[in-house]
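Engineer: upload01.cif is the file, holding mmCIF, C-alpha atoms and all ligand atoms:
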data_target
#
loop_
_atom_site.label_atom_id
_atom_site.label_comp_id
_atom_site.auth_asym_id
_atom_site.auth_seq_id
_atom_site.Cartn_x
_atom_site.Cartn_y
_atom_site.Cartn_z
CA MET A 1 -15.22 16.62 6.89
CA SER A 2 -14.90 12.94 6.21
CA LEU A 3 -16.97 10.33 4.45
CA GLN A 4 -19.24 8.78 7.07
CA PRO A 5 -19.33 4.96 7.32
CA ASP A 6 -23.10 4.83 6.84
CA THR A 7 -22.82 6.98 3.69
CA PHE A 8 -20.09 4.69 2.37
CA LYS A 9 -22.23 1.63 3.02
CA THR A 10 -25.17 3.24 1.20
CA LEU A 11 -22.91 4.04 -1.77
CA VAL A 12 -21.61 0.48 -1.99
CA LYS A 13 -25.13 -0.94 -1.72
CA ALA A 14 -26.45 1.39 -4.45
CA ALA A 15 -23.56 0.63 -6.81
CA ALA A 16 -23.92 -3.13 -6.24
CA GLU A 17 -27.68 -3.08 -6.77
CA GLN A 18 -27.37 -1.06 -9.97
CA VAL A 19 -24.69 -3.38 -11.36
CA ILE A 20 -26.91 -6.39 -10.58
CA ALA A 21 -29.93 -4.71 -12.20
CA SER A 22 -27.83 -3.89 -15.28
CA ALA A 23 -26.58 -7.46 -15.76
CA PRO A 24 -28.82 -8.18 -18.78
CA GLU A 25 -27.63 -5.02 -20.53
CA LEU A 26 -23.97 -5.77 -19.74
CA THR A 27 -24.46 -9.30 -21.04
CA ALA A 28 -25.97 -8.00 -24.29
CA LEU A 29 -23.05 -5.61 -24.82
CA ASP A 30 -20.53 -8.40 -24.18
CA GLN A 31 -22.42 -10.73 -26.56
CA ALA A 32 -21.76 -8.22 -29.35
CA ILE A 33 -17.97 -7.91 -28.96
CA GLY A 34 -16.94 -10.47 -26.33
CA ASP A 35 -18.14 -13.78 -24.91
CA GLY A 36 -21.34 -12.59 -23.25
CA ASP A 37 -20.33 -13.14 -19.62
CA HIS A 38 -19.77 -9.59 -18.35
CA GLY A 39 -23.26 -9.27 -16.84
CA ALA A 40 -23.06 -12.62 -15.05
CA ASN A 41 -19.48 -11.93 -13.91
CA MET A 42 -20.36 -8.55 -12.41
CA LYS A 43 -23.62 -9.80 -10.91
CA ARG A 44 -21.81 -12.65 -9.13
CA GLY A 45 -19.16 -10.28 -7.80
CA PHE A 46 -21.54 -7.66 -6.52
CA GLU A 47 -23.89 -10.21 -4.98
CA ALA A 48 -20.85 -11.38 -3.01
CA VAL A 49 -20.14 -7.76 -2.00
CA LEU A 50 -23.78 -7.31 -0.89
CA SER A 51 -23.64 -10.52 1.16
CA LYS A 52 -20.68 -9.03 3.09
CA LEU A 53 -22.09 -5.51 3.28
CA ASP A 54 -22.47 -5.43 7.08
CA THR A 55 -18.89 -6.61 7.62
CA ILE A 56 -17.53 -4.26 4.95
CA GLY A 57 -19.59 -1.36 6.30
CA ALA A 58 -18.14 -1.85 9.80
CA GLN A 59 -14.53 -1.67 8.60
CA PRO A 60 -12.42 1.49 8.39
CA LEU A 61 -12.76 2.96 4.90
CA ASP A 62 -9.36 1.82 3.62
CA GLU A 63 -9.95 -1.75 4.78
CA ALA A 64 -13.49 -1.70 3.41
CA LEU A 65 -12.24 -0.74 -0.07
CA LYS A 66 -9.62 -3.50 0.09
CA SER A 67 -12.29 -6.03 1.15
CA ILE A 68 -14.39 -5.05 -1.87
CA GLY A 69 -11.32 -5.44 -4.10
CA LYS A 70 -10.50 -8.89 -2.71
CA THR A 71 -14.12 -10.01 -3.02
CA LEU A 72 -14.27 -8.89 -6.66
CA VAL A 73 -10.95 -10.60 -7.49
CA MET A 74 -12.26 -13.84 -5.98
CA THR A 75 -15.72 -13.81 -7.50
CA VAL A 76 -16.01 -11.80 -10.75
CA GLY A 77 -13.56 -13.74 -12.91
CA GLY A 78 -12.88 -12.88 -16.56
CA ALA A 79 -10.63 -9.96 -17.38
CA SER A 80 -12.79 -7.52 -15.45
CA GLY A 81 -12.50 -9.26 -12.03
CA PRO A 82 -8.77 -8.69 -11.50
CA LEU A 83 -9.09 -5.20 -13.05
CA TYR A 84 -11.94 -3.95 -10.86
CA GLY A 85 -10.34 -5.82 -7.93
CA SER A 86 -7.09 -3.90 -8.52
CA PHE A 87 -9.02 -0.64 -8.64
CA PHE A 88 -10.53 -1.08 -5.18
CA LEU A 89 -7.40 -2.62 -3.65
CA ALA A 90 -5.26 0.30 -4.85
CA ALA A 91 -7.84 2.88 -3.78
CA GLY A 92 -7.89 1.29 -0.31
CA GLU A 93 -4.09 1.25 -0.25
CA ALA A 94 -4.03 4.96 -1.15
CA LEU A 95 -6.40 5.70 1.75
CA SER A 96 -4.10 3.76 4.09
CA GLN A 97 -1.31 6.14 3.01
CA HIS A 98 -2.71 9.08 4.96
CA LYS A 99 -5.24 10.11 2.33
CA SER A 100 -8.77 10.92 3.33
CA LEU A 101 -12.14 11.23 1.64
CA PRO A 102 -13.59 13.33 0.21
CA GLU A 103 -10.57 15.69 0.37
CA ASN A 104 -8.21 13.43 -1.60
CA LEU A 105 -10.86 11.90 -3.84
CA ALA A 106 -8.96 12.53 -7.08
CA ASP A 107 -5.76 11.00 -5.60
CA VAL A 108 -7.58 7.95 -4.27
CA PHE A 109 -9.60 7.43 -7.47
CA GLY A 110 -6.42 8.06 -9.49
CA SER A 111 -4.59 5.30 -7.61
CA GLY A 112 -7.37 2.92 -8.60
CA VAL A 113 -7.23 4.02 -12.24
CA ASN A 114 -3.43 3.63 -12.34
CA ALA A 115 -3.76 0.12 -10.93
CA VAL A 116 -6.23 -0.87 -13.68
CA SER A 117 -3.89 0.56 -16.28
CA ALA A 118 -0.88 -1.30 -14.83
CA ARG A 119 -2.69 -4.61 -14.46
CA GLY A 120 -4.35 -4.36 -17.90
CA ARG A 121 -1.26 -2.89 -19.62
CA SER A 122 -3.78 -0.54 -21.12
CA HIS A 123 -4.61 3.13 -21.38
CA ALA A 124 -7.49 5.32 -22.52
CA GLY A 125 -8.41 5.01 -26.21
CA GLU A 126 -8.34 1.20 -26.35
CA LYS A 127 -12.10 0.69 -25.85
CA THR A 128 -12.09 -0.52 -22.25
CA MET A 129 -13.34 0.54 -18.81
CA LEU A 130 -10.42 3.00 -18.80
CA ASP A 131 -12.28 5.06 -21.40
CA VAL A 132 -14.72 5.95 -18.64
CA LEU A 133 -12.39 5.85 -15.62
CA VAL A 134 -9.71 8.14 -17.11
CA PRO A 135 -12.08 10.95 -18.25
CA VAL A 136 -13.88 10.79 -14.88
CA LEU A 137 -10.52 11.14 -13.11
CA GLU A 138 -9.81 14.17 -15.30
CA THR A 139 -13.17 15.68 -14.31
CA LEU A 140 -12.41 15.01 -10.63
CA LYS A 141 -9.10 16.84 -10.99
CA THR A 142 -10.27 19.80 -13.03
CA GLU A 143 -13.73 20.41 -11.56
CA ALA A 144 -13.02 19.70 -7.88
CA GLY A 145 -14.83 22.14 -5.61
CA ARG A 146 -17.44 23.14 -8.21
CA PRO A 147 -21.00 22.97 -6.96
CA ASP A 148 -22.03 20.90 -10.00
CA LEU A 149 -19.20 18.35 -9.64
CA ILE A 150 -21.61 15.41 -9.28
CA GLU A 151 -23.50 16.43 -12.41
CA ARG A 152 -20.22 16.84 -14.30
CA ILE A 153 -19.11 13.34 -13.26
CA ARG A 154 -22.44 11.86 -14.32
CA ALA A 155 -22.24 13.58 -17.72
CA THR A 156 -18.59 12.67 -18.25
CA ALA A 157 -19.35 9.01 -17.55
CA SER A 158 -22.34 8.90 -19.96
CA GLU A 159 -20.54 10.75 -22.75
CA SER A 160 -17.44 8.59 -22.31
CA VAL A 161 -19.44 5.37 -22.64
CA GLU A 162 -20.88 6.60 -25.97
CA ARG A 163 -17.38 7.53 -27.16
CA THR A 164 -16.25 3.89 -26.92
CA ALA A 165 -18.60 2.94 -29.80
CA PRO A 166 -16.47 4.35 -32.67
CA MET A 167 -13.24 3.02 -31.11
CA GLN A 168 -11.50 -0.13 -32.29
CA ALA A 169 -10.62 -2.42 -29.36
CA THR A 170 -6.93 -3.13 -28.91
CA LYS A 171 -7.17 -4.85 -25.50
CA GLY A 172 -9.21 -7.75 -24.16
CA ARG A 173 -11.43 -10.16 -26.08
CA ALA A 174 -12.99 -7.43 -28.21
CA SER A 175 -9.54 -6.82 -29.78
CA PHE A 176 -9.83 -10.25 -31.47
CA LEU A 177 -12.58 -8.74 -33.64
CA GLY A 178 -10.30 -6.03 -35.00
CA ALA A 179 -12.30 -3.48 -37.00
CA ARG A 180 -15.52 -5.43 -36.31
CA SER A 181 -15.39 -4.15 -32.72
CA ILE A 182 -16.19 -0.68 -34.10
CA GLY A 183 -19.80 0.46 -33.64
CA HIS A 184 -20.42 -1.21 -30.28
CA ILE A 185 -20.22 0.18 -26.76
CA ASP A 186 -17.63 -1.48 -24.53
CA PRO A 187 -19.24 -3.58 -21.74
CA GLY A 188 -16.64 -2.63 -19.11
CA ALA A 189 -17.00 1.06 -19.91
CA LYS A 190 -20.73 0.63 -19.34
CA SER A 191 -20.32 -1.20 -16.01
CA SER A 192 -17.98 1.56 -14.78
CA CYS A 193 -20.61 4.12 -15.79
CA VAL A 194 -23.35 2.19 -13.99
CA MET A 195 -21.36 2.23 -10.73
CA LEU A 196 -20.46 5.90 -11.06
CA HIS A 197 -24.05 6.90 -11.79
CA ALA A 198 -25.27 4.94 -8.76
CA VAL A 199 -22.74 6.77 -6.57
CA CYS A 200 -23.73 10.15 -8.06
CA SER A 201 -27.46 9.53 -7.51
CA THR A 202 -26.92 8.41 -3.93
CA LEU A 203 -24.76 11.45 -3.12
CA GLU A 204 -27.38 13.75 -4.69
CA GLU A 205 -30.11 12.19 -2.54
CA ARG A 206 -27.97 12.73 0.55
CA THR A 207 -27.10 16.38 -0.08
P1 LIG B 301 -13.68 -11.32 -20.35
O1 LIG B 301 -13.29 -10.33 -21.41
O2 LIG B 301 -12.52 -12.11 -19.85
O3 LIG B 301 -14.84 -12.17 -20.77
P2 LIG B 301 -15.47 -9.56 -18.94
O4 LIG B 301 -16.43 -9.82 -20.03
O5 LIG B 301 -16.00 -9.70 -17.54
O6 LIG B 301 -14.16 -10.44 -19.08
O7 LIG B 301 -14.93 -8.07 -19.04
C1 LIG B 301 -14.70 -7.46 -20.29
C2 LIG B 301 -14.32 -6.01 -20.06
O8 LIG B 301 -13.06 -5.91 -19.39
C3 LIG B 301 -14.11 -5.23 -21.36
O9 LIG B 301 -15.34 -4.72 -21.83
C4 LIG B 301 -13.14 -4.13 -20.98
O10 LIG B 301 -13.80 -2.97 -20.52
C5 LIG B 301 -12.39 -4.74 -19.82
N1 LIG B 301 -11.03 -5.09 -20.20
C6 LIG B 301 -10.60 -6.21 -20.82
N2 LIG B 301 -9.26 -6.18 -20.98
C7 LIG B 301 -8.83 -5.01 -20.44
C8 LIG B 301 -7.54 -4.37 -20.28
N3 LIG B 301 -6.42 -4.96 -20.69
N4 LIG B 301 -7.52 -3.17 -19.66
C9 LIG B 301 -8.64 -2.57 -19.22
N5 LIG B 301 -9.86 -3.13 -19.34
C10 LIG B 301 -9.96 -4.31 -19.94
MG MG B 302 -16.68 -11.37 -21.35
#
Go ahead and express the file in the form of structure tokens.

Structural biologist:
Amino acid sequence: MSLQPDTFKTLVKAAAEQVIASAPELTALDQAIGDGDHGANMKRGFEAVLSKLDTIGAQPLDEALKSIGKTLVMTVGGASGPLYGSFFLAAGEALSQHKSLPENLADVFGSGVNAVSARGRSHAGEKTMLDVLVPVLETLKTEAGRPDLIERIRATASESVERTAPMQATKGRASFLGARSIGHIDPGAKSSCVMLHAVCSTLEERT
């Protein structure tokens, strides 16, 4: 079994559209503990991805992921652009190294997560996107093969977003606020959740 190109294209389209639709919410979250640009940054990046969807969809999966990564690096800006860009570039690189989807999903996703961590010099617990990406990776590793894997991923992502609220930010702009960052959800954790939920919903519709 392998991930079909048309399924991949549908997943990318759904994730991009959901990110774009969530821009006002992402902006509001970033206004509370950052500079208020996360929604606009992500919207710009994923509009660029959508504009290249036919080209990206026609590429082999590894190259398609790298194209998404490059597009995000070039268009998103802020801290999140290079971080999400690294995620997709590294995931594509992992697929080029004889990995395949969905069999090696945890490995491929894990390569993306490691790349974010390396580029951001950050790890889970610092109130960033990693506070969603790392728990979801854990779910992928521990619950692989379970019939309710998609539901588990969806729930892990939602719960993980909520868990960023009591955290104090130690990375990124929110860290400048010190203890005043406590009590707010991290914008990047939310955007990661939005993408993951879009992927989960699309996969559920297809199966
Ligand atoms: P900027 O902070 O430059 O304005 P964005 O607003 O687009 O960029 O993105 C902010 C998000 O980026 C944060 O909510 C956080 O999730 C993520 N982020 C920032 N710095 C790091 C880091 N070092 N490691 C992981 N994620 C980070
Ligand atoms: Mg910002």

Engineer: Give the residues close to ligand MG 302 (chain B), within 6 Å, counting all atoms listed in the file; write them as an MDAnalysis selection string.

Structural biologist: chainID A and resid 30 34:38

Engineer: Check the smallest atom-to-atom distance from each of A:Ala179, A:Ala14, A:Ala174, A:Val199 to ligand LIG 301 (chain B) using all atoms listed in the file, then report the winner.

Structural biologist: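 Looking only at the distances to ligand LIG 301 (chain B), the closest residue turns out to be A:Ala174.
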
Engineer: Please report as CSV every residue of chain A lying within 7 Å of ligand LIG 301 (chain B), along with the nearest atom pair and their distance in Å (one decimal), using only C-alpha atoms and all ligand atoms.

Structural biologist:
residue,atom,partner,partner_atom,distance
A:Asp30,CA,B:LIG301,O4,6.0
A:Gly34,CA,B:LIG301,O1,6.1
A:Asp35,CA,B:LIG301,O3,5.5
A:Gly36,CA,B:LIG301,O4,6.5
A:Asp37,CA,B:LIG301,O4,5.1
A:His38,CA,B:LIG301,O4,3.7
A:Asn41,CA,B:LIG301,O5,5.5
A:Met42,CA,B:LIG301,O5,6.8
A:Gly77,CA,B:LIG301,O5,6.6
A:Gly78,CA,B:LIG301,O2,3.4
A:Ala79,CA,B:LIG301,O2,3.8
A:Ser80,CA,B:LIG301,O7,4.2
A:Gly81,CA,B:LIG301,O5,6.5
A:Leu83,CA,B:LIG301,N5,6.7
A:Val116,CA,B:LIG301,C9,6.3
A:Ser117,CA,B:LIG301,N4,6.2
A:Gly120,CA,B:LIG301,N3,3.5
A:Arg121,CA,B:LIG301,N3,5.7
A:Ser122,CA,B:LIG301,N4,4.8
A:Lys127,CA,B:LIG301,O10,6.7
A:Thr128,CA,B:LIG301,O10,3.5
A:Met129,CA,B:LIG301,O10,3.9
A:Leu130,CA,B:LIG301,C9,5.9
A:Lys171,CA,B:LIG301,N3,4.9
A:Gly172,CA,B:LIG301,N2,3.5
A:Arg173,CA,B:LIG301,O1,5.0
A:Asp186,CA,B:LIG301,O9,4.8
A:Pro187,CA,B:LIG301,O9,4.1
A:Gly188,CA,B:LIG301,O10,3.2
A:Ala189,CA,B:LIG301,O10,5.2

Engineer: Name all residues at most 7 Å from segment 159-161 of chain A (count only C-alpha atoms; drop same-chain ones fewer than 2 positions away) and give them as a VMD selection string.

Structural biologist: chain A and resid 131 to 132 155 to 157 163 to 164 185 189 to 190

Engineer: Report the distance between atom CA of Gly112 of chain A and atom CA of Leu89 of chain A in Å, rounded to one decimal place.

Structural biologist: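 Taking atom CA of Gly112 of chain A as the start and atom CA of Leu89 of chain A as the end point, the length is 7.4 Å.
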
Engineer: Give as a PyMOL selection string every residue, naming chains and numbers as the document does, that has an atom within 8 Å of (-22.2, 3.4, -9.8), counting all atoms listed in the file.

Structural biologist: chain A and resi 14-16+18-19+191-200

Engineer: Record the distance separating atom CA of Ala94 of chain A and atom CA of Phe109 of chain A, expressed in Å with one decimal.

Structural biologist: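 Going from atom CA of Ala94 of chain A over to atom CA of Phe109 of chain A covers 8.8 Å.
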
Engineer: Quick one: residues within 10 Å of Glu138 of chain A, all atoms listed in the file counted, chain neighbours fewer than 3 positions away excluded, as a PDB file with C-alpha atoms, keeping the file's coordinate frame?

Structural biologist:
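Listed below is the output, selection-v7.pdb:
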ATOM      1  CA  ALA A 106      -8.960  12.530  -7.080  1.00  0.00           C
ATOM      2  CA  GLY A 110      -6.420   8.060  -9.490  1.00  0.00           C
ATOM      3  CA  LEU A 133     -12.390   5.850 -15.620  1.00  0.00           C
ATOM      4  CA  VAL A 134      -9.710   8.140 -17.110  1.00  0.00           C
ATOM      5  CA  PRO A 135     -12.080  10.950 -18.250  1.00  0.00           C
ATOM      6  CA  LYS A 141      -9.100  16.840 -10.990  1.00  0.00           C
ATOM      7  CA  THR A 142     -10.270  19.800 -13.030  1.00  0.00           C
ATOM      8  CA  GLU A 143     -13.730  20.410 -11.560  1.00  0.00           C
ATOM      9  CA  ALA A 144     -13.020  19.700  -7.880  1.00  0.00           C
ATOM     10  CA  ILE A 153     -19.110  13.340 -13.260  1.00  0.00           C
ATOM     11  CA  THR A 156     -18.590  12.670 -18.250  1.00  0.00           C
TER      12      THR A 156
END

Engineer: By how many Å are atom CA of Ser158 of chain A and atom CA of Gly125 of chain A apart?

Structural biologist: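 Atom-to-atom, atom CA of Ser158 of chain A to atom CA of Gly125 of chain A, that is 15.8 Å.
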
Engineer: Let me have the centre and edge lengths of the axis-aligned box enclosing all listed atoms of segment 13-31 of chain A with 5 Å padding on every side, in Å to one decimal, as AutoDock Vina command-line options.

Structural biologist:
--center_x -25.2 --center_y -4.7 --center_z -14.1 --size_x 19.4 --size_y 22.1 --size_z 34.8

Engineer: Find the spatial neighbours of Gln59 of chain A, counting only C-alpha atoms, within a cut-off of 12 Å - ignore same-chain residues fewer than 2 positions away - and output them as a ChimeraX atom specification.

Structural biologist: /A:4-6,8-9,52-57,61-68,92

Engineer: Which polymer residues have any atom within 8 Å of an atom of segment 100-105 of chain A, counting all atoms listed in the file, with same-chain residues fewer than 2 positions away left out, as a count of residues only?

Structural biologist: 9

Engineer: Of the candidates A:Glu204, A:Val49, A:Glu93, A:Phe88, which shows the shortest atom-to-atom distance to Thr75 of chain A, using all atoms listed in the file?

Structural biologist: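 So, comparing all the options, the nearest one is A:Val49.
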
Engineer: For Pro24 of chain A, please output as a list of chain:residue names all residues within 9 Å (counting only C-alpha atoms; exclusion window: fewer than 5 positions along the same chain).

Structural biologist: A:Leu29, A:Gly39, A:Ala40

Engineer: Counting all atoms listed in the file, which of A:Val73, A:Ala21, A:Ile150, A:Ile182 gets nearest to Glu162 of chain A?

Structural biologist: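 Among the listed residues, the smallest separation from Glu162 of chain A belongs to A:Ile182.
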
Engineer: Given all atoms listed in the file as the basis, pick out the residue of A:Ala32, A:Ala91, A:Val136, A:Lys70 nearest to Leu177 of chain A.

Structural biologist: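 Counting all atoms listed in the file, the residue closest to Leu177 of chain A is A:Ala32.
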